[in-house]
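Below is one structure; the comments refer to it alone.
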Amino acid sequence: MAGKRIDDEEQIKRINALAIPPAYEDVWICPDTRGHIQATGRDARGRKQYRYHPRWRETRDADKYERMAEFGRALPKIRARVARDLKLPGMPCDKVIAAIVQLLDTTLIRIGSVEYARENQSYGLTTLRKKHMKIEAGQLRFRFRGKSGIEHDVTVNNPRIKRIVRRCAELPGHDLFQYLDDDGSRHTVGSADINDYLRRASGADFTAKDYRTWAGSVYALAALRRLICGDAAQARRHLVATVKDVAALLRNTPAVCRRCYIHPAVIGAFEADELQTLPPGQTRRGLRVDEIAFAALLAHAEKRAARLARQAGAKGRKTREAAVADSVDDTLTSLLKKSRVVRRKETEEQRNRGTPVAAP
């Protein structure tokens with residue numbers, strides 16, 4: 001169905017700013033300038049692509065980073081739950097999900113979605129098929145195409161996970177990760193199942209995406225702590241190289257990696273040459289050494305933010321008090337001026353009547 005020609009200059013300017021590639025087909029543009037998805041289209045491979053509102057991206061990323069400190073506190077609890085569920089007898093739902101979460105934690109493979117698998121033929125953990133998995137030299141090997149067409153070749157050396165995945169592969173159907181319910185019925189694990197498990201295990205609203213943000217930030221901090229910031233040019237080179245390494249780890253582009261997967265506190269502390277003087281973190285069972293360091297950085301950043309907020313509040317109170325004092329002074333000055341005007345008028349009237357004028 002053909003749409004209407006757009007002649008409004010402001011609308012044309014907004015659409016051009018979305019930078020939709022000319023080769024995209026089946027393009028849809030949001031009529032609302034405030035919509036969080038501003039446009040969609042299909043690229044040369046037929047994959048659906050999105051253009052988001054900048055403010056929505058900023059809000060989403062800020063919320064994601066703010067969750068990291070809480071996620072670090074919940075991670076040992078999640079890992080303990082995973083360890084218990086991996087030992088469950090049979091092939092119940094929680095055991096298979098625990099295996100997927102363990103793979104998520106160690107390989108950082110995206111969780112995947114049915115929509116991407118159907119429309120783009122790109123896969124993640126929950127949408128892997130049996131053809132994507134092999135056991136070679138006693139190890140699990142996953143080979144598949146992920147988001148944005150990135151080829152994955154991941155080897156896992158974990159005997160317990162290997163046994164569970166092998167049993168999953170023995171079930172009928174082409175989906176890899178399936179489980180049997182109490183009635184023996186077979187079900188495929190979806191991304192919603194993973195996120196529900198994480199909420200139950202942590203007692204908070206965490207999702208699989210938080211793992212990649214956490215891991216990207218932890219890896220970046222560990223790499224940057226081994227480097228000397230040096231002058232501005234050297235610091236930039238170190239940062240660019242580290243971002244590229246993290247991007248390779250997460251199988252993403254450096255630009256997206258820096259914006260979406262490395263906590264700003266890590267980059268800020270490196271640029272301020274503060275990483276070598278950060279206080280050591282408290283040892284916590286369930287967290288690795290580099291994760292403890294990142295948790296300590298977040299705690300340090302939280303304390304600094306609270307201190308700055310208190311200082312800003314105190315400054316604000318002083319400013320308000322000064323404003324009140326100035327207002328009082330202005331009022332008194334105004335009253336004094338009015339009093340003098342009234343006094344002069346009274347004096348003039350007395351002189352006009354010939355009445356003796358009292359000394360002020």
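Residues are named by chain letter and number: chains run A, B, ... in the order of the structure tokens, numbers start at 1 in each chain, and ligands are numbered from 1 in the order shown.
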Which stretch 248-283 of chain A residues have any atom within 12 Å of an atom of stretch 128-147 of chain A, and for each, what is the nearest pair of atoms with distance in Å to one decimal, counting only C-alpha atoms, rows sorted by chain and number, as a Markdown table?
```
| residue | atom | partner | partner_atom | distance |
| --- | --- | --- | --- | --- |
| A:Leu250 | CA | A:Lys147 | CA | 11.2 |
| A:Arg251 | CA | A:Gly146 | CA | 8.9 |
| A:Asn252 | CA | A:Lys147 | CA | 9.0 |
| A:Thr253 | CA | A:Lys147 | CA | 11.5 |
```
Would you output that residue set with N, CA and C atoms, as a JSON list (two decimals), in the first residue's frame?
```json
[["chain", "number", "residue", "atom", "x", "y", "z"],
["A", 250, "LEU", "N", 32.67, -9.94, 23.28],
["A", 250, "LEU", "CA", 31.21, -9.93, 23.24],
["A", 250, "LEU", "C", 30.67, -10.14, 21.83],
["A", 251, "ARG", "N", 31.58, -10.21, 20.86],
["A", 251, "ARG", "CA", 31.20, -10.38, 19.45],
["A", 251, "ARG", "C", 30.29, -9.24, 19.01],
["A", 252, "ASN", "N", 30.82, -8.02, 19.18],
["A", 252, "ASN", "CA", 30.08, -6.82, 18.84],
["A", 252, "ASN", "C", 31.03, -5.80, 18.23],
["A", 253, "THR", "N", 30.50, -4.66, 17.79],
["A", 253, "THR", "CA", 31.35, -3.62, 17.23],
["A", 253, "THR", "C", 31.93, -2.77, 18.37]]
```
With a distance cut-off of 12 Å and only C-alpha atoms, select the neighbouring residues of A:Pro172, excluding the residue or stretch itself and same-chain residues fewer than 6 positions from it, and output the selection as an MDAnalysis selection string. chainID A and resid 129:130 178:180 185:188
Convert the current residue selection to file output with C-alpha atoms, as a CSV table (one decimal), in the first residue's frame.
```
chain,number,residue,atom,x,y,z
A,129,ARG,CA,19.4,-26.1,17.0
A,130,LYS,CA,20.9,-29.6,17.3
A,178,GLN,CA,14.3,-28.8,25.7
A,179,TYR,CA,13.1,-30.3,29.0
A,180,LEU,CA,10.5,-32.7,30.2
A,185,SER,CA,5.8,-33.7,27.9
A,186,ARG,CA,8.6,-32.0,26.0
A,187,HIS,CA,9.0,-28.2,26.0
A,188,THR,CA,11.5,-25.8,24.4
```
Hey, what does DSSP flag as alpha helix (DSSP H) within stretch 74-215 of chain A? Can you give it to me as an NGL selection string? :A and (74-85 or 93-107 or 114-120 or 159-170 or 191-202 or 209-215)
Store the residues of this selection in a file with C-alpha atoms, as a PDB file, in the first residue's frame.
```
ATOM      1  CA  ALA A  74      23.026 -10.768  43.379  1.00  0.00           C
ATOM      2  CA  LEU A  75      25.419 -12.720  41.142  1.00  0.00           C
ATOM      3  CA  PRO A  76      26.797 -15.054  43.878  1.00  0.00           C
ATOM      4  CA  LYS A  77      23.232 -15.972  44.799  1.00  0.00           C
ATOM      5  CA  ILE A  78      22.374 -16.734  41.163  1.00  0.00           C
ATOM      6  CA  ARG A  79      25.501 -18.845  40.716  1.00  0.00           C
ATOM      7  CA  ALA A  80      24.753 -20.817  43.868  1.00  0.00           C
ATOM      8  CA  ARG A  81      21.232 -21.552  42.588  1.00  0.00           C
ATOM      9  CA  VAL A  82      22.630 -22.637  39.213  1.00  0.00           C
ATOM     10  CA  ALA A  83      25.116 -24.989  40.896  1.00  0.00           C
ATOM     11  CA  ARG A  84      22.293 -26.635  42.877  1.00  0.00           C
ATOM     12  CA  ASP A  85      19.947 -26.986  39.914  1.00  0.00           C
ATOM     13  CA  CYS A  93      13.011 -27.370  33.450  1.00  0.00           C
ATOM     14  CA  ASP A  94      15.247 -25.728  36.077  1.00  0.00           C
ATOM     15  CA  LYS A  95      18.135 -28.083  35.315  1.00  0.00           C
ATOM     16  CA  VAL A  96      18.141 -27.266  31.601  1.00  0.00           C
ATOM     17  CA  ILE A  97      17.734 -23.550  32.290  1.00  0.00           C
ATOM     18  CA  ALA A  98      20.591 -23.685  34.802  1.00  0.00           C
ATOM     19  CA  ALA A  99      22.792 -25.186  32.082  1.00  0.00           C
ATOM     20  CA  ILE A 100      21.883 -22.329  29.732  1.00  0.00           C
ATOM     21  CA  VAL A 101      22.593 -19.727  32.433  1.00  0.00           C
ATOM     22  CA  GLN A 102      25.953 -21.372  33.098  1.00  0.00           C
ATOM     23  CA  LEU A 103      26.759 -21.136  29.385  1.00  0.00           C
ATOM     24  CA  LEU A 104      25.602 -17.515  29.372  1.00  0.00           C
ATOM     25  CA  ASP A 105      27.902 -16.764  32.312  1.00  0.00           C
ATOM     26  CA  THR A 106      30.960 -18.409  30.769  1.00  0.00           C
ATOM     27  CA  THR A 107      30.580 -17.892  27.003  1.00  0.00           C
ATOM     28  CA  VAL A 114      12.510 -16.625  18.157  1.00  0.00           C
ATOM     29  CA  GLU A 115      11.891 -13.523  16.034  1.00  0.00           C
ATOM     30  CA  TYR A 116      15.575 -13.156  15.092  1.00  0.00           C
ATOM     31  CA  ALA A 117      15.869 -16.863  14.368  1.00  0.00           C
ATOM     32  CA  ARG A 118      12.781 -16.815  12.156  1.00  0.00           C
ATOM     33  CA  GLU A 119      13.395 -13.533  10.327  1.00  0.00           C
ATOM     34  CA  ASN A 120      17.200 -13.318  10.203  1.00  0.00           C
ATOM     35  CA  PRO A 159      31.760 -32.224  31.828  1.00  0.00           C
ATOM     36  CA  ARG A 160      28.467 -31.594  33.656  1.00  0.00           C
ATOM     37  CA  ILE A 161      27.228 -29.114  31.046  1.00  0.00           C
ATOM     38  CA  LYS A 162      28.329 -31.487  28.277  1.00  0.00           C
ATOM     39  CA  ARG A 163      26.252 -34.319  29.766  1.00  0.00           C
ATOM     40  CA  ILE A 164      23.163 -32.136  30.089  1.00  0.00           C
ATOM     41  CA  VAL A 165      23.457 -30.742  26.561  1.00  0.00           C
ATOM     42  CA  ARG A 166      23.998 -34.235  25.153  1.00  0.00           C
ATOM     43  CA  ARG A 167      20.821 -35.447  26.869  1.00  0.00           C
ATOM     44  CA  CYS A 168      18.949 -32.429  25.493  1.00  0.00           C
ATOM     45  CA  ALA A 169      20.131 -33.372  22.008  1.00  0.00           C
ATOM     46  CA  GLU A 170      18.711 -36.888  22.459  1.00  0.00           C
ATOM     47  CA  SER A 191      14.291 -16.365  26.555  1.00  0.00           C
ATOM     48  CA  ALA A 192      11.344 -15.563  28.846  1.00  0.00           C
ATOM     49  CA  ASP A 193      12.080 -18.766  30.790  1.00  0.00           C
ATOM     50  CA  ILE A 194      15.684 -17.655  31.330  1.00  0.00           C
ATOM     51  CA  ASN A 195      14.710 -14.210  32.555  1.00  0.00           C
ATOM     52  CA  ASP A 196      12.043 -15.657  34.848  1.00  0.00           C
ATOM     53  CA  TYR A 197      14.648 -18.029  36.323  1.00  0.00           C
ATOM     54  CA  LEU A 198      17.051 -15.125  36.939  1.00  0.00           C
ATOM     55  CA  ARG A 199      14.315 -13.180  38.716  1.00  0.00           C
ATOM     56  CA  ARG A 200      13.504 -16.160  40.922  1.00  0.00           C
ATOM     57  CA  ALA A 201      17.154 -16.891  41.674  1.00  0.00           C
ATOM     58  CA  SER A 202      18.112 -13.293  42.444  1.00  0.00           C
ATOM     59  CA  LYS A 209      21.423  -8.929  29.018  1.00  0.00           C
ATOM     60  CA  ASP A 210      22.861  -7.871  32.382  1.00  0.00           C
ATOM     61  CA  TYR A 211      25.489 -10.627  32.092  1.00  0.00           C
ATOM     62  CA  ARG A 212      27.018  -9.096  28.969  1.00  0.00           C
ATOM     63  CA  THR A 213      27.129  -5.597  30.453  1.00  0.00           C
ATOM     64  CA  TRP A 214      28.688  -6.943  33.637  1.00  0.00           C
ATOM     65  CA  ALA A 215      31.273  -9.037  31.786  1.00  0.00           C
TER      66      ALA A 215
END
```
Tell me which of A:Pro280, A:Pro264, A:Gly216, A:Gly230 sits closest to A:Asp245, counting only C-alpha atoms.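 The answer is A:Gly216, which sits nearest to A:Asp245.
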Where does DSSP see strand (DSSP E or B) in stretch 86-275 of chain A, if you list the residues as a PDB file with N, CA and C atoms, in the first residue's frame?
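Result file follows (selection-v4.pdb):
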```pdb
ATOM      1  N   ARG A 129      19.907 -24.870  17.507  1.00  0.00           N
ATOM      2  CA  ARG A 129      19.380 -26.149  17.040  1.00  0.00           C
ATOM      3  C   ARG A 129      20.447 -27.231  17.203  1.00  0.00           C
ATOM      4  N   MET A 133      25.458 -27.868  17.395  1.00  0.00           N
ATOM      5  CA  MET A 133      26.267 -28.428  18.478  1.00  0.00           C
ATOM      6  C   MET A 133      26.917 -29.739  18.066  1.00  0.00           C
ATOM      7  N   LYS A 134      28.176 -29.879  18.438  1.00  0.00           N
ATOM      8  CA  LYS A 134      28.893 -31.137  18.249  1.00  0.00           C
ATOM      9  C   LYS A 134      29.759 -31.393  19.472  1.00  0.00           C
ATOM     10  N   ILE A 135      30.101 -32.642  19.679  1.00  0.00           N
ATOM     11  CA  ILE A 135      31.061 -32.984  20.731  1.00  0.00           C
ATOM     12  C   ILE A 135      32.324 -33.472  20.032  1.00  0.00           C
ATOM     13  N   GLU A 136      33.378 -32.692  20.191  1.00  0.00           N
ATOM     14  CA  GLU A 136      34.644 -32.988  19.527  1.00  0.00           C
ATOM     15  C   GLU A 136      35.754 -33.051  20.566  1.00  0.00           C
ATOM     16  N   GLN A 139      34.858 -32.306  24.085  1.00  0.00           N
ATOM     17  CA  GLN A 139      34.385 -30.969  24.435  1.00  0.00           C
ATOM     18  C   GLN A 139      33.162 -30.594  23.601  1.00  0.00           C
ATOM     19  N   LEU A 140      32.344 -29.708  24.193  1.00  0.00           N
ATOM     20  CA  LEU A 140      31.208 -29.161  23.457  1.00  0.00           C
ATOM     21  C   LEU A 140      31.714 -28.110  22.478  1.00  0.00           C
ATOM     22  N   ARG A 141      31.148 -28.115  21.281  1.00  0.00           N
ATOM     23  CA  ARG A 141      31.499 -27.083  20.320  1.00  0.00           C
ATOM     24  C   ARG A 141      30.220 -26.551  19.679  1.00  0.00           C
ATOM     25  N   PHE A 142      30.031 -25.240  19.797  1.00  0.00           N
ATOM     26  CA  PHE A 142      28.874 -24.584  19.190  1.00  0.00           C
ATOM     27  C   PHE A 142      29.354 -23.765  17.990  1.00  0.00           C
ATOM     28  N   ARG A 143      28.731 -24.001  16.847  1.00  0.00           N
ATOM     29  CA  ARG A 143      29.054 -23.232  15.646  1.00  0.00           C
ATOM     30  C   ARG A 143      27.742 -22.773  15.021  1.00  0.00           C
ATOM     31  N   PHE A 144      27.572 -21.445  14.920  1.00  0.00           N
ATOM     32  CA  PHE A 144      26.321 -20.899  14.401  1.00  0.00           C
ATOM     33  C   PHE A 144      26.505 -19.423  14.047  1.00  0.00           C
ATOM     34  N   ARG A 145      25.512 -18.879  13.372  1.00  0.00           N
ATOM     35  CA  ARG A 145      25.522 -17.458  13.047  1.00  0.00           C
ATOM     36  C   ARG A 145      24.671 -16.716  14.065  1.00  0.00           C
ATOM     37  N   GLU A 151      29.625 -14.869  12.925  1.00  0.00           N
ATOM     38  CA  GLU A 151      29.817 -16.306  13.077  1.00  0.00           C
ATOM     39  C   GLU A 151      30.413 -16.623  14.454  1.00  0.00           C
ATOM     40  N   HIS A 152      29.839 -17.619  15.103  1.00  0.00           N
ATOM     41  CA  HIS A 152      30.306 -18.057  16.416  1.00  0.00           C
ATOM     42  C   HIS A 152      30.944 -19.439  16.309  1.00  0.00           C
ATOM     43  N   ASP A 153      32.041 -19.615  16.992  1.00  0.00           N
ATOM     44  CA  ASP A 153      32.694 -20.925  17.109  1.00  0.00           C
ATOM     45  C   ASP A 153      33.214 -21.009  18.545  1.00  0.00           C
ATOM     46  N   VAL A 154      32.416 -21.614  19.411  1.00  0.00           N
ATOM     47  CA  VAL A 154      32.669 -21.580  20.851  1.00  0.00           C
ATOM     48  C   VAL A 154      32.857 -22.994  21.385  1.00  0.00           C
ATOM     49  N   THR A 155      33.940 -23.190  22.120  1.00  0.00           N
ATOM     50  CA  THR A 155      34.224 -24.487  22.734  1.00  0.00           C
ATOM     51  C   THR A 155      34.023 -24.395  24.244  1.00  0.00           C
ATOM     52  N   VAL A 156      33.374 -25.394  24.820  1.00  0.00           N
ATOM     53  CA  VAL A 156      33.083 -25.423  26.254  1.00  0.00           C
ATOM     54  C   VAL A 156      33.643 -26.709  26.845  1.00  0.00           C
ATOM     55  N   ASP A 175      15.069 -28.317  17.993  1.00  0.00           N
ATOM     56  CA  ASP A 175      15.584 -27.380  18.995  1.00  0.00           C
ATOM     57  C   ASP A 175      16.520 -28.108  19.952  1.00  0.00           C
ATOM     58  N   GLN A 178      15.698 -28.379  25.365  1.00  0.00           N
ATOM     59  CA  GLN A 178      14.344 -28.774  25.711  1.00  0.00           C
ATOM     60  C   GLN A 178      14.359 -29.472  27.069  1.00  0.00           C
ATOM     61  N   TYR A 179      13.180 -29.577  27.666  1.00  0.00           N
ATOM     62  CA  TYR A 179      13.074 -30.263  28.959  1.00  0.00           C
ATOM     63  C   TYR A 179      11.773 -31.057  28.994  1.00  0.00           C
ATOM     64  N   LEU A 180      11.681 -31.931  29.977  1.00  0.00           N
ATOM     65  CA  LEU A 180      10.485 -32.746  30.160  1.00  0.00           C
ATOM     66  C   LEU A 180       9.767 -32.315  31.431  1.00  0.00           C
ATOM     67  N   ARG A 186       7.339 -32.720  26.352  1.00  0.00           N
ATOM     68  CA  ARG A 186       8.555 -32.022  25.951  1.00  0.00           C
ATOM     69  C   ARG A 186       8.248 -30.551  25.666  1.00  0.00           C
ATOM     70  N   HIS A 187       9.135 -29.664  26.164  1.00  0.00           N
ATOM     71  CA  HIS A 187       8.976 -28.221  25.953  1.00  0.00           C
ATOM     72  C   HIS A 187      10.324 -27.604  25.578  1.00  0.00           C
ATOM     73  N   THR A 188      10.270 -26.565  24.744  1.00  0.00           N
ATOM     74  CA  THR A 188      11.479 -25.829  24.369  1.00  0.00           C
ATOM     75  C   THR A 188      11.676 -24.662  25.329  1.00  0.00           C
TER      76      THR A 188
END
```
Could you check the closest approach to A:Arg225 for each of A:Val266, A:Val246, A:Leu108, A:Pro92 and tell me which residue wins, using only C-alpha atoms?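 The closest residue to A:Arg225 is A:Val266.
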What does the distance between atom CA of A:Leu278 and atom CA of A:Cys257 come to in Å, to one decimal place? 24.0 Å
So what do you get for atom CA of A:Arg42 versus atom CA of A:Tyr24, distance-wise?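 We find that atom CA of A:Arg42 and atom CA of A:Tyr24 lie 5.2 Å from each other.
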